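Structure data (mmCIF, C-alpha atoms and all ligand atoms) from run18.cif:
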```
data_work
loop_
_atom_site.label_atom_id
_atom_site.label_comp_id
_atom_site.auth_asym_id
_atom_site.auth_seq_id
_atom_site.Cartn_x
_atom_site.Cartn_y
_atom_site.Cartn_z
CA MET A 1 84.86 75.26 82.03
CA ARG A 2 86.54 75.30 85.43
CA PHE A 3 89.72 76.93 84.16
CA ILE A 4 92.09 74.34 85.63
CA THR A 5 92.05 70.81 84.19
CA GLU A 6 91.37 72.14 80.69
CA PHE A 7 94.84 73.66 80.80
CA ARG A 8 96.55 70.43 81.82
CA ARG A 9 95.46 68.23 78.91
CA PRO A 10 98.44 65.99 78.03
CA GLU A 11 97.62 65.68 74.32
CA LEU A 12 97.67 69.46 73.95
CA ALA A 13 100.95 69.63 75.86
CA GLU A 14 102.45 67.12 73.43
CA GLY A 15 101.34 69.26 70.50
CA LEU A 16 103.04 72.31 71.96
CA ILE A 17 106.20 70.40 72.83
CA SER A 18 106.49 69.08 69.31
CA GLN A 19 105.88 72.58 67.94
CA ILE A 20 108.65 73.96 70.16
CA HIS A 21 111.08 71.22 69.02
CA HIS A 22 110.18 71.91 65.42
CA LYS A 23 110.62 75.69 65.67
CA SER A 24 113.61 76.06 67.95
CA LYS A 25 116.91 76.33 66.06
CA THR A 26 118.85 79.03 67.92
CA ALA A 27 120.36 78.33 71.35
CA VAL A 28 118.78 80.76 73.81
CA ARG A 29 118.38 81.29 77.51
CA LEU A 30 114.90 82.11 78.82
CA MET A 31 114.11 83.34 82.30
CA GLU A 32 110.92 82.68 84.19
CA PHE A 33 110.75 85.63 86.55
CA CYS A 34 108.03 84.24 88.77
CA GLY A 35 108.40 81.59 91.46
CA GLY A 36 104.93 80.26 90.66
CA HIS A 37 106.16 79.51 87.14
CA THR A 38 109.27 77.83 88.54
CA VAL A 39 107.03 75.48 90.50
CA THR A 40 104.88 74.60 87.44
CA ILE A 41 107.98 74.04 85.30
CA PHE A 42 109.45 71.66 87.88
CA ARG A 43 106.26 69.91 88.90
CA TYR A 44 105.40 69.00 85.30
CA GLY A 45 108.96 68.23 84.23
CA ILE A 46 108.85 70.91 81.55
CA ARG A 47 112.62 71.47 81.45
CA GLN A 48 113.23 67.86 80.43
CA ALA A 49 110.63 68.08 77.68
CA LEU A 50 112.33 71.03 75.98
CA PRO A 51 114.92 70.81 73.19
CA LYS A 52 118.61 71.22 74.07
CA THR A 53 118.56 74.64 72.42
CA LEU A 54 116.53 76.08 75.29
CA GLU A 55 118.10 76.81 78.63
CA MET A 56 115.74 77.88 81.39
CA VAL A 57 116.81 79.97 84.36
CA SER A 58 114.72 80.98 87.35
CA GLY A 59 114.45 84.61 88.35
CA PRO A 60 113.78 86.51 91.57
CA GLY A 61 109.99 86.30 91.42
CA CYS A 62 109.20 85.26 94.96
CA PRO A 63 108.34 88.18 97.25
CA VAL A 64 109.33 86.21 100.35
CA CYS A 65 112.74 85.35 98.90
CA VAL A 66 113.61 88.87 97.77
CA THR A 67 112.73 90.52 101.06
CA ALA A 68 116.02 91.85 102.42
CA ASN A 69 117.18 90.72 105.84
CA ALA A 70 117.20 94.32 107.05
CA ASP A 71 113.45 94.48 106.34
CA LEU A 72 112.77 91.12 107.98
CA ASP A 73 114.67 92.37 111.01
CA LYS A 74 112.33 95.38 111.14
CA ALA A 75 109.31 93.08 111.20
CA ILE A 76 110.85 91.01 113.98
CA ALA A 77 111.76 94.17 115.93
CA LEU A 78 108.13 95.34 115.64
CA SER A 79 106.97 92.06 117.14
CA GLN A 80 109.00 92.87 120.28
CA ILE A 81 107.08 96.06 121.03
CA PRO A 82 104.54 95.55 123.85
CA ASP A 83 100.88 95.48 122.76
CA VAL A 84 101.75 95.00 119.09
CA ILE A 85 100.13 92.12 117.22
CA ILE A 86 101.95 91.15 114.04
CA THR A 87 99.73 89.76 111.31
CA THR A 88 101.29 88.12 108.27
CA PHE A 89 100.81 85.63 105.47
CA GLY A 90 102.07 82.22 106.53
CA ASP A 91 105.01 82.15 104.10
CA MET A 92 106.88 84.73 106.16
CA LEU A 93 106.88 82.92 109.47
CA LYS A 94 109.86 80.64 109.00
CA VAL A 95 112.05 83.00 106.98
CA PRO A 96 115.25 83.57 108.92
CA GLY A 97 116.21 87.21 109.43
CA SER A 98 119.70 88.19 110.60
CA TYR A 99 119.25 86.95 114.14
CA SER A 100 115.92 85.16 114.41
CA SER A 101 112.64 84.50 112.57
CA LEU A 102 109.06 85.52 113.28
CA GLN A 103 108.41 81.94 114.29
CA GLU A 104 111.15 82.11 116.91
CA ALA A 105 109.83 85.48 118.08
CA LYS A 106 106.39 83.90 118.42
CA ALA A 107 107.79 80.95 120.35
CA SER A 108 109.37 83.35 122.81
CA GLY A 109 106.11 85.16 123.43
CA ALA A 110 105.57 87.72 120.67
CA ASP A 111 102.00 87.95 119.39
CA VAL A 112 102.44 86.88 115.76
CA ARG A 113 99.34 85.69 113.89
CA VAL A 114 99.07 84.12 110.47
CA VAL A 115 96.18 85.43 108.40
CA TYR A 116 94.78 84.34 105.06
CA SER A 117 93.83 87.84 104.02
CA THR A 118 94.21 91.48 105.10
CA MET A 119 90.50 91.34 105.93
CA ASP A 120 91.35 88.95 108.77
CA ALA A 121 94.00 91.39 110.00
CA LEU A 122 91.42 94.18 110.03
CA LYS A 123 89.09 91.99 112.04
CA ILE A 124 91.84 91.35 114.59
CA ALA A 125 92.37 95.11 114.84
CA GLU A 126 88.66 95.66 115.47
CA GLU A 127 88.58 92.96 118.13
CA ASN A 128 91.65 94.32 119.93
CA PRO A 129 91.11 98.07 120.19
CA ASP A 130 93.68 98.44 122.98
CA LYS A 131 96.46 96.90 120.86
CA SER A 132 98.18 97.88 117.62
CA VAL A 133 97.89 95.49 114.72
CA VAL A 134 100.71 95.57 112.19
CA PHE A 135 100.27 93.78 108.88
CA LEU A 136 103.45 92.81 107.03
CA GLY A 137 102.89 94.13 103.54
CA ILE A 138 104.96 91.74 101.50
CA GLY A 139 104.19 91.00 97.90
CA PHE A 140 104.34 92.17 94.30
CA GLU A 141 101.76 94.08 92.27
CA THR A 142 99.42 91.10 92.71
CA THR A 143 99.19 91.62 96.46
CA ALA A 144 99.70 95.39 96.84
CA PRO A 145 96.14 96.30 95.73
CA THR A 146 94.66 93.94 98.33
CA ILE A 147 96.68 95.69 101.02
CA ALA A 148 95.76 99.10 99.65
CA ALA A 149 92.12 98.01 99.78
CA SER A 150 92.50 97.08 103.44
CA ILE A 151 93.89 100.53 104.25
CA LEU A 152 90.94 102.20 102.53
CA MET A 153 88.61 99.89 104.43
CA ALA A 154 90.32 100.79 107.74
CA GLN A 155 89.97 104.48 106.85
CA ASP A 156 86.30 103.96 106.01
CA LYS A 157 85.51 102.11 109.19
CA GLY A 158 87.62 104.43 111.36
CA ILE A 159 89.92 101.62 112.50
CA GLN A 160 92.83 103.54 114.07
CA ASN A 161 94.97 100.68 115.35
CA TYR A 162 95.74 99.04 111.99
CA HIS A 163 99.17 99.65 110.47
CA VAL A 164 101.06 98.28 107.49
CA LEU A 165 104.80 97.72 107.16
CA SER A 166 105.03 98.30 103.43
CA LEU A 167 107.73 96.10 101.92
CA HIS A 168 106.03 95.74 98.55
CA LYS A 169 108.11 95.23 95.44
CA LEU A 170 107.44 96.04 91.81
CA CYS A 171 108.45 93.59 89.10
CA PRO A 172 109.32 95.60 85.96
CA PRO A 173 112.09 97.61 87.72
CA ALA A 174 113.61 94.35 89.03
CA ILE A 175 113.63 92.79 85.57
CA ARG A 176 115.28 95.91 84.22
CA ALA A 177 117.90 95.71 86.98
CA ILE A 178 118.71 92.12 85.98
CA LEU A 179 118.92 93.01 82.29
CA ASP A 180 120.99 96.14 83.07
CA CYS A 181 123.62 94.34 85.09
CA GLY A 182 124.15 91.84 82.27
CA GLU A 183 125.44 89.02 84.51
CA VAL A 184 123.08 86.61 82.80
CA ARG A 185 122.40 87.05 79.13
CA LEU A 186 118.74 86.42 78.41
CA GLN A 187 116.98 86.10 75.06
CA GLY A 188 113.42 85.78 76.31
CA LEU A 189 111.29 86.54 79.35
CA ILE A 190 108.39 84.58 80.75
CA CYS A 191 106.60 87.48 82.39
CA PRO A 192 104.68 87.01 85.65
CA GLY A 193 101.01 86.15 85.16
CA HIS A 194 99.25 87.36 88.26
CA VAL A 195 101.36 90.51 88.47
CA SER A 196 100.21 91.19 84.90
CA VAL A 197 96.57 90.51 85.82
CA ILE A 198 96.93 93.77 87.75
CA ILE A 199 99.40 95.82 85.68
CA GLY A 200 98.45 94.50 82.24
CA SER A 201 100.85 94.05 79.35
CA HIS A 202 101.71 97.70 78.71
CA PRO A 203 104.47 98.05 81.36
CA TRP A 204 106.38 95.27 79.60
CA GLU A 205 106.37 97.10 76.26
CA SER A 206 109.27 99.35 77.19
CA VAL A 207 111.23 96.37 78.57
CA ALA A 208 110.84 94.51 75.26
CA ARG A 209 111.82 97.61 73.31
CA ASP A 210 114.70 98.87 75.45
CA TYR A 211 116.41 95.49 75.73
CA ASN A 212 115.33 93.93 72.42
CA ILE A 213 113.93 90.98 74.27
CA PRO A 214 110.74 88.99 73.60
CA CYS A 215 108.38 89.19 76.60
CA VAL A 216 105.45 86.77 76.90
CA ILE A 217 103.06 86.78 79.86
CA SER A 218 102.15 83.30 81.05
CA GLY A 219 99.55 81.66 83.26
CA PHE A 220 100.39 78.95 85.76
CA GLU A 221 99.11 75.74 84.21
CA PRO A 222 101.50 73.58 82.19
CA LEU A 223 99.79 74.45 78.88
CA ASP A 224 100.21 78.15 79.66
CA ILE A 225 103.94 77.76 80.17
CA LEU A 226 104.37 75.65 77.05
CA GLN A 227 102.34 78.06 74.94
CA CYS A 228 104.43 80.91 76.34
CA ILE A 229 107.71 79.14 75.50
CA SER A 230 106.45 78.35 72.01
CA MET A 231 105.59 82.03 71.44
CA LEU A 232 108.99 83.12 72.77
CA VAL A 233 110.75 80.66 70.46
CA ALA A 234 108.72 81.90 67.48
CA GLN A 235 109.80 85.47 68.23
CA VAL A 236 113.43 84.47 68.73
CA GLU A 237 113.52 82.66 65.39
CA LYS A 238 111.97 85.65 63.60
CA GLY A 239 114.26 88.11 65.37
CA GLU A 240 111.33 89.90 67.00
CA SER A 241 111.00 91.40 70.47
CA ARG A 242 107.39 92.04 71.30
CA VAL A 243 105.05 91.66 74.24
CA GLU A 244 102.49 88.89 73.89
CA ILE A 245 99.99 87.33 76.25
CA ALA A 246 99.84 83.55 76.65
CA TYR A 247 97.27 83.93 79.43
CA ARG A 248 94.37 85.48 77.57
CA ARG A 249 91.71 84.30 80.00
CA GLY A 250 93.38 86.18 82.86
CA VAL A 251 95.32 89.15 81.53
CA HIS A 252 93.92 92.16 79.71
CA PRO A 253 96.42 94.52 78.09
CA GLU A 254 95.27 97.36 80.34
CA GLY A 255 95.31 95.25 83.53
CA ASN A 256 92.78 95.60 86.33
CA ARG A 257 91.93 99.31 86.29
CA GLU A 258 90.10 99.27 89.61
CA ALA A 259 92.99 97.56 91.39
CA LEU A 260 95.51 99.96 89.83
CA LYS A 261 93.40 102.93 90.90
CA ILE A 262 93.23 101.75 94.52
CA MET A 263 96.94 100.92 94.57
CA GLU A 264 97.89 104.33 93.18
CA GLN A 265 95.56 106.09 95.57
CA VAL A 266 97.27 104.57 98.62
CA PHE A 267 100.87 103.98 97.54
CA GLU A 268 103.62 105.81 95.70
CA PRO A 269 106.83 104.30 94.29
CA CYS A 270 109.99 104.44 96.38
CA PRO A 271 113.42 102.78 96.28
CA ALA A 272 113.47 99.26 97.74
CA GLN A 273 116.10 96.79 98.92
CA TRP A 274 116.10 93.41 97.16
CA ARG A 275 117.98 90.44 98.51
CA GLY A 276 120.89 89.77 96.21
CA MET A 277 120.27 92.85 94.11
CA GLY A 278 120.61 95.72 96.55
CA GLU A 279 118.61 98.90 96.21
CA ILE A 280 116.58 99.30 93.03
CA PRO A 281 115.12 102.77 92.40
CA GLY A 282 111.34 102.97 92.02
CA SER A 283 110.92 99.28 92.81
CA GLY A 284 109.06 99.61 96.10
CA LEU A 285 105.82 101.13 97.32
CA LYS A 286 105.32 103.38 100.34
CA LEU A 287 102.13 104.84 101.77
CA ARG A 288 101.25 108.28 100.50
CA GLY A 289 101.38 111.13 103.03
CA LYS A 290 97.61 111.15 103.37
CA TYR A 291 97.77 107.62 104.82
CA ARG A 292 100.90 108.06 106.94
CA HIS A 293 99.04 107.23 110.16
CA PHE A 294 98.71 103.68 108.80
CA ASP A 295 102.45 103.41 108.10
CA ALA A 296 104.02 101.13 110.73
CA GLU A 297 107.47 102.45 109.93
CA LEU A 298 106.46 106.02 110.82
CA VAL A 299 104.19 105.16 113.74
CA PHE A 300 106.77 103.00 115.52
CA SER A 301 110.38 104.03 115.48
CA ILE A 302 112.41 100.88 115.09
CA VAL A 303 116.16 100.71 114.76
CA PRO A 304 117.18 97.08 114.31
CA GLU A 305 120.79 95.89 114.59
CA PRO A 306 122.73 95.97 111.31
CA ALA A 307 121.62 93.09 109.10
CA CYS A 308 123.77 90.11 108.19
CA GLU A 309 123.33 87.15 105.82
CA PRO A 310 123.36 83.45 106.71
CA GLU A 311 126.82 82.04 106.16
CA GLY A 312 127.21 79.92 103.03
CA CYS A 313 123.77 80.77 101.61
CA ILE A 314 123.89 81.89 97.98
CA CYS A 315 120.21 82.90 97.66
CA GLY A 316 121.26 86.30 96.35
CA ASP A 317 123.09 84.78 93.36
CA ILE A 318 120.25 82.33 92.73
CA LEU A 319 117.70 85.15 92.71
CA ARG A 320 119.71 86.96 90.04
CA GLY A 321 119.79 83.78 87.94
CA VAL A 322 123.60 83.60 88.17
CA LYS A 323 123.73 80.36 90.16
CA THR A 324 121.43 77.39 90.69
CA PRO A 325 120.53 75.79 94.04
CA THR A 326 122.76 72.79 93.40
CA ASP A 327 125.73 75.19 93.34
CA CYS A 328 125.12 75.79 97.05
CA LEU A 329 127.24 73.62 99.34
CA LEU A 330 124.47 73.60 101.95
CA PHE A 331 121.73 72.48 99.53
CA GLY A 332 119.93 69.33 100.69
CA LYS A 333 122.56 68.65 103.37
CA VAL A 334 122.42 71.43 105.92
CA CYS A 335 119.59 73.28 104.22
CA THR A 336 116.26 71.50 103.67
CA PRO A 337 112.62 72.65 103.79
CA GLU A 338 112.42 71.35 107.39
CA HIS A 339 115.58 73.25 108.38
CA PRO A 340 115.89 76.09 105.90
CA VAL A 341 119.01 78.24 106.05
CA GLY A 342 117.86 80.82 103.50
CA PRO A 343 114.53 82.14 102.21
CA CYS A 344 114.73 80.32 98.84
CA MET A 345 114.34 77.07 100.77
CA VAL A 346 111.59 78.36 103.07
CA SER A 347 109.20 79.65 100.48
CA SER A 348 107.22 77.07 98.55
CA GLU A 349 107.97 79.14 95.46
CA GLY A 350 111.66 79.53 96.17
CA SER A 351 114.06 77.93 93.68
CA CYS A 352 115.86 75.89 96.34
CA SER A 353 112.61 74.42 97.59
CA ALA A 354 111.46 73.61 94.02
CA TYR A 355 114.80 71.88 93.29
CA TYR A 356 114.62 69.99 96.56
CA LEU A 357 111.01 68.84 96.22
CA TYR A 358 111.09 67.93 92.54
CA GLY A 359 114.60 66.53 92.28
CA GLY A 360 117.98 68.19 92.49
CA SER A 361 119.10 66.96 89.09
CA PHE A 362 116.69 69.21 87.22
CA GLY A 363 118.14 71.36 84.52
CA GLU A 364 121.41 69.47 84.36
CA MET B 1 103.18 83.85 96.93
CA CYS B 2 101.35 85.31 93.95
CA LEU B 3 99.47 82.04 94.03
CA ALA B 4 95.95 82.65 92.86
CA ILE B 5 93.26 80.19 91.92
CA PRO B 6 90.12 80.23 89.79
CA VAL B 7 86.92 79.83 91.80
CA LEU B 8 83.22 80.06 91.04
CA ILE B 9 81.28 82.97 92.55
CA LYS B 10 78.22 81.42 94.18
CA SER B 11 76.55 84.47 95.68
CA ILE B 12 77.24 88.15 96.18
CA GLU B 13 76.32 90.39 99.05
CA ASP B 14 77.63 93.84 99.79
CA LYS B 15 80.95 93.77 97.85
CA GLU B 16 81.69 90.27 99.16
CA ALA B 17 81.18 86.93 97.49
CA GLU B 18 80.72 83.41 98.71
CA VAL B 19 83.03 80.92 97.01
CA GLU B 20 84.17 77.38 97.61
CA ILE B 21 87.89 76.73 97.98
CA GLY B 22 88.95 73.11 98.47
CA GLY B 23 85.49 72.18 99.77
CA ILE B 24 85.39 75.03 102.28
CA THR B 25 83.01 77.93 101.83
CA ARG B 26 84.78 81.26 102.16
CA ARG B 27 83.86 84.89 101.86
CA ILE B 28 86.08 86.87 99.58
CA SER B 29 86.24 90.57 98.82
CA LEU B 30 85.08 92.01 95.50
CA GLN B 31 86.61 95.41 96.21
CA LEU B 32 89.00 95.00 93.27
CA THR B 33 86.42 93.51 90.89
CA PRO B 34 83.18 95.49 91.20
CA GLU B 35 82.04 94.01 87.87
CA ALA B 36 81.80 90.44 89.30
CA LYS B 37 78.55 88.52 88.76
CA VAL B 38 77.19 85.30 90.23
CA GLY B 39 78.36 82.42 88.02
CA ASP B 40 81.63 84.14 87.05
CA TYR B 41 84.95 82.48 87.74
CA ALA B 42 87.29 84.83 89.53
CA ILE B 43 91.01 84.58 90.25
CA ILE B 44 91.33 84.68 94.02
CA HIS B 45 94.47 85.93 95.73
CA THR B 46 94.70 86.32 99.53
CA GLY B 47 90.96 86.63 99.94
CA TYR B 48 90.36 89.09 97.12
CA ALA B 49 89.07 88.49 93.60
CA ILE B 50 91.78 90.11 91.50
CA ASN B 51 90.13 89.50 88.13
CA ILE B 52 87.22 87.82 86.41
CA LEU B 53 88.29 85.05 84.04
CA ASP B 54 87.41 85.54 80.41
CA GLN B 55 85.48 82.50 79.20
CA GLU B 56 85.78 83.45 75.54
CA GLY B 57 89.53 84.03 75.87
CA ALA B 58 89.91 80.60 77.47
CA GLU B 59 87.96 78.88 74.70
CA GLU B 60 89.93 80.64 71.98
CA THR B 61 93.21 79.60 73.58
CA LEU B 62 92.10 75.97 73.83
CA LYS B 63 90.93 75.98 70.21
CA LEU B 64 94.30 77.29 69.11
CA LEU B 65 96.11 74.63 71.17
CA GLU B 66 93.89 71.91 69.65
CA GLU B 67 94.85 73.09 66.18
CA ILE B 68 98.53 73.02 67.14
CA ALA B 69 98.14 69.46 68.46
CA GLU B 70 96.45 68.37 65.20
CA THR B 71 99.13 69.92 63.03
CA ALA B 72 101.81 68.29 65.16
CA GLU B 73 100.17 64.89 64.71
CA GLU B 74 99.91 65.32 60.94
CA GLY B 75 103.56 66.31 60.81
CA GLU B 76 104.68 63.07 62.40
S1 LIG C 1 120.15 75.77 99.56
FE1 LIG C 1 119.64 76.93 101.41
S2 LIG C 1 121.54 77.93 102.01
FE2 LIG C 1 121.79 77.28 99.90
S3 LIG C 1 121.14 79.05 98.69
FE3 LIG C 1 119.34 77.77 98.95
S4 LIG C 1 118.31 78.60 100.74
FE4 LIG C 1 120.42 79.43 100.78
#
```

For this file, write the structure as structure tokens.
Amino acid sequence: MRFITEFRRPELAEGLISQIHHKSKTAVRLMEFCGGHTVTIFRYGIRQALPKTLEMVSGPGCPVCVTANADLDKAIALSQIPDVIITTFGDMLKVPGSYSSLQEAKASGADVRVVYSTMDALKIAEENPDKSVVFLGIGFETTAPTIAASILMAQDKGIQNYHVLSLHKLCPPAIRAILDCGEVRLQGLICPGHVSVIIGSHPWESVARDYNIPCVISGFEPLDILQCISMLVAQVEKGESRVEIAYRRGVHPEGNREALKIMEQVFEPCPAQWRGMGEIPGSGLKLRGKYRHFDAELVFSIVPEPACEPEGCICGDILRGVKTPTDCLLFGKVCTPEHPVGPCMVSSEGSCSAYYLYGGSFGE
Amino acid sequence: MCLAIPVLIKSIEDKEAEVEIGGITRRISLQLTPEAKVGDYAIIHTGYAINILDQEGAEETLKLLEEIAETAEEGE
């Protein structure tokens, strides 16, 4: 068992597809929250395999895409401070902020370094004691514990010149915000798999109950998604709204207790700005007072220019599931992965990039 | 960005493990998965094991999917 190819077996996919066709009677709209799911759905042509009764919409589940321009501008402003080294995951480099991107800042001399892990950022801090190393803390519940772990490690090792710009986002409050605003009517949720590895299935219980919506947690292989859709359809047809796990090998109902403990030790919830959705209460994470000396926002006072959005880009509407990439006039013409105008085209998990790479006619 | 992949833990030393990702040997942190053992498959995200995969859970899922595929075939 290597946990990959086993979950791509075509004959098992066919079984699930035929089960879905057999069971699905009611016309419903399902949302996959997570950008990783969007990519699997597109790469394996899952939308085309589904019956006409099922409409799939993509949600805001890409941390790069939902980072607000104002926050990107902060990161870019930090890179302009002398003796500051910015460390970041590669996905963030090309994302355009209001006036420039980290890549452009780097080209004009800022010290911006791509790292694979926060451990690499810590190493850079140790090797450059006379500089300040700022790590851009971007990510959902999947990533936040790894960043919390790096802060504890820095504390342990007495590394004083390591700081985090905490732009973390939490998924359940964002899903609630989408369901609250009612712009898109959804009858089922494909819940994020690796977020749920950390938080478990319990936080989804109140979502299922409060909004009467079936919630099924999925993994990222095609069989995971199909099993998840089949379980959602079964619930829809029976009029149920429960939380189920279609990713048993990865997700335990209680989540990863150790990761949750570390995350809660270092961070506390705060309001956060989401692109396209504005401020959502309790949807962000900031460093607790005890760790404030690691907080880049407190250590460096930065006041960027007021943020603005790229003209013509409808990423915000796409992230809320209200529009699709092909509704954007710039899609594939002005805006391509080589010359992205908005974040949904930059990120490999952004909807615009998935549509572009796997065919713009998807879902039509 | 929440991309995470299953990898085999080859050796463990001091809260870090050696794993192979795409043919390259890497060291990853076990800070979030203190229960990890050599021979386990872990889900790796940005250099950290975020969970240990459940072999039994995987087998049960596959068995269920095989049954579904058989039923579907009979139904045709
Ligand atoms: S195609 Fe480009 S400009 Fe249009 S919404 Fe997507 S990222 Fe924005």

Output the contact residues of chain A with respect to chain B at a cut-off of 6 Å, based on all atoms listed in the file, as a list in words. Leu12, Gly15, Tyr116, Ser117, Arg248, Arg249, Gly250, Glu258 and Ala259 of chain A

What does the list of residues within 10 Å of ligand LIG 1 (chain C) look like if you count all atoms listed in the file, written as a ChimeraX atom specification? /A:65,95,309-319,323-337,339-347,350-353,355-356

Now that the selection is made, can you save its residues with C-alpha atoms as a tab-separated table (two decimals), in the frame of the given file?
```
chain	number	residue	atom	x	y	z
A	65	CYS	CA	112.74	85.35	98.90
A	95	VAL	CA	112.05	83.00	106.98
A	309	GLU	CA	123.33	87.15	105.82
A	310	PRO	CA	123.36	83.45	106.71
A	311	GLU	CA	126.82	82.04	106.16
A	312	GLY	CA	127.21	79.92	103.03
A	313	CYS	CA	123.77	80.77	101.61
A	314	ILE	CA	123.89	81.89	97.98
A	315	CYS	CA	120.21	82.90	97.66
A	316	GLY	CA	121.26	86.30	96.35
A	317	ASP	CA	123.09	84.78	93.36
A	318	ILE	CA	120.25	82.33	92.73
A	319	LEU	CA	117.70	85.15	92.71
A	323	LYS	CA	123.73	80.36	90.16
A	324	THR	CA	121.43	77.39	90.69
A	325	PRO	CA	120.53	75.79	94.04
A	326	THR	CA	122.76	72.79	93.40
A	327	ASP	CA	125.73	75.19	93.34
A	328	CYS	CA	125.12	75.79	97.05
A	329	LEU	CA	127.24	73.62	99.34
A	330	LEU	CA	124.47	73.60	101.95
A	331	PHE	CA	121.73	72.48	99.53
A	332	GLY	CA	119.93	69.33	100.69
A	333	LYS	CA	122.56	68.65	103.37
A	334	VAL	CA	122.42	71.43	105.92
A	335	CYS	CA	119.59	73.28	104.22
A	336	THR	CA	116.26	71.50	103.67
A	337	PRO	CA	112.62	72.65	103.79
A	339	HIS	CA	115.58	73.25	108.38
A	340	PRO	CA	115.89	76.09	105.90
A	341	VAL	CA	119.01	78.24	106.05
A	342	GLY	CA	117.86	80.82	103.50
A	343	PRO	CA	114.53	82.14	102.21
A	344	CYS	CA	114.73	80.32	98.84
A	345	MET	CA	114.34	77.07	100.77
A	346	VAL	CA	111.59	78.36	103.07
A	347	SER	CA	109.20	79.65	100.48
A	350	GLY	CA	111.66	79.53	96.17
A	351	SER	CA	114.06	77.93	93.68
A	352	CYS	CA	115.86	75.89	96.34
A	353	SER	CA	112.61	74.42	97.59
A	355	TYR	CA	114.80	71.88	93.29
A	356	TYR	CA	114.62	69.99	96.56
```

Hey, can you check how far CA of Lys169 (chain A) sits from CA of Gln80 (chain A)? 25.0 Å

Please list, as a PyMOL selection string, the residues that have an atom at most 12 Å away from (104.5, 91.6, 85.6) in the coordinates of this file, counting only C-alpha atoms. (chain A and resi 32-34+61+140-142+169-176+189-205+207+215-219+243+245+251+253+255) or (chain B and resi 2)

Quote the spacing between CA of Ala36 (chain B) and CA of Ala246 (chain A) in Å to one decimal place. 23.1 Å

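Between CA of Asn161 (chain A) and CA of Asn128 (chain A) lies a distance of 8.5 Å.
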
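Minimum atom-to-atom distances from A:Thr26, A:Thr53, A:Thr88, A:Ser150 to Leu30 (chain B) were compared using all atoms listed in the file, and the lowest value belongs to A:Ser150.
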
Would you kindly return, as number ranges by chain, each protein, DNA or RNA residue with an atom no farther than 9 Å from any atom of Gly39 (chain B), considering only C-alpha atoms and excluding same-chain residues fewer than 5 positions away? B: 8-11

Could you write out the selected residues, including C-alpha atoms, as a CSV table (one decimal), keeping the file's coordinate frame?
```
chain,number,residue,atom,x,y,z
B,8,LEU,CA,83.2,80.1,91.0
B,9,ILE,CA,81.3,83.0,92.6
B,10,LYS,CA,78.2,81.4,94.2
B,11,SER,CA,76.6,84.5,95.7
```

Leaving out Leu136 (chain A) and any residue of its chain fewer than 5 positions from it, which residues lie within 7 Å of it when counting only C-alpha atoms, given as a list in words? Thr87, Thr88, Val164, Leu165 and Ser166 of chain A

Resulting file, chosen residues, C-alpha atoms, as a short mmCIF file (atom, residue, chain, number, x, y, z; two decimals), in the coordinates of the input:
```cif
data_model
loop_
_atom_site.label_atom_id
_atom_site.label_comp_id
_atom_site.auth_asym_id
_atom_site.auth_seq_id
_atom_site.Cartn_x
_atom_site.Cartn_y
_atom_site.Cartn_z
CA THR A 87 99.73 89.76 111.31
CA THR A 88 101.29 88.12 108.27
CA VAL A 164 101.06 98.28 107.49
CA LEU A 165 104.80 97.72 107.16
CA SER A 166 105.03 98.30 103.43
#
```

Could you check the closest approach to Thr40 (chain A) for each of A:Val233, A:Asp224, A:Tyr291, A:Arg275 and tell me which residue wins, using only C-alpha atoms? A:Asp224

Please report, as AutoDock Vina command-line options, the centre and edge lengths in Å to one decimal of an axis-aligned box covering all listed atoms of region 48-57 of chain A with 5 Å per side.
```
--center_x 114.6 --center_y 73.9 --center_z 78.4 --size_x 18.0 --size_y 22.1 --size_z 21.9
```

Since the input is missing atoms, can you rebuild N, CA and C atoms for region 28-35 of chain B and write them as a PDB file, keeping the file's coordinate frame?
```
ATOM      1  N   ILE B  28      84.952  86.134 100.147  1.00  0.00           N
ATOM      2  CA  ILE B  28      86.080  86.870  99.580  1.00  0.00           C
ATOM      3  C   ILE B  28      85.613  88.278  99.204  1.00  0.00           C
ATOM      4  N   SER B  29      86.573  89.175  99.107  1.00  0.00           N
ATOM      5  CA  SER B  29      86.240  90.570  98.820  1.00  0.00           C
ATOM      6  C   SER B  29      86.169  90.816  97.316  1.00  0.00           C
ATOM      7  N   LEU B  30      85.184  91.612  96.913  1.00  0.00           N
ATOM      8  CA  LEU B  30      85.080  92.010  95.500  1.00  0.00           C
ATOM      9  C   LEU B  30      85.477  93.469  95.307  1.00  0.00           C
ATOM     10  N   GLN B  31      86.219  93.995  96.298  1.00  0.00           N
ATOM     11  CA  GLN B  31      86.610  95.410  96.210  1.00  0.00           C
ATOM     12  C   GLN B  31      87.403  95.729  94.936  1.00  0.00           C
ATOM     13  N   LEU B  32      88.159  94.742  94.442  1.00  0.00           N
ATOM     14  CA  LEU B  32      89.000  95.000  93.270  1.00  0.00           C
ATOM     15  C   LEU B  32      88.298  94.600  91.964  1.00  0.00           C
ATOM     16  N   THR B  33      87.139  93.952  92.090  1.00  0.00           N
ATOM     17  CA  THR B  33      86.420  93.510  90.890  1.00  0.00           C
ATOM     18  C   THR B  33      84.929  93.828  91.015  1.00  0.00           C
ATOM     19  N   PRO B  34      84.587  95.120  91.004  1.00  0.00           N
ATOM     20  CA  PRO B  34      83.180  95.490  91.200  1.00  0.00           C
ATOM     21  C   PRO B  34      82.265  94.919  90.116  1.00  0.00           C
ATOM     22  N   GLU B  35      82.868  94.499  88.980  1.00  0.00           N
ATOM     23  CA  GLU B  35      82.040  94.010  87.870  1.00  0.00           C
ATOM     24  C   GLU B  35      81.613  92.551  88.054  1.00  0.00           C
TER      25      GLU B  35
END
```
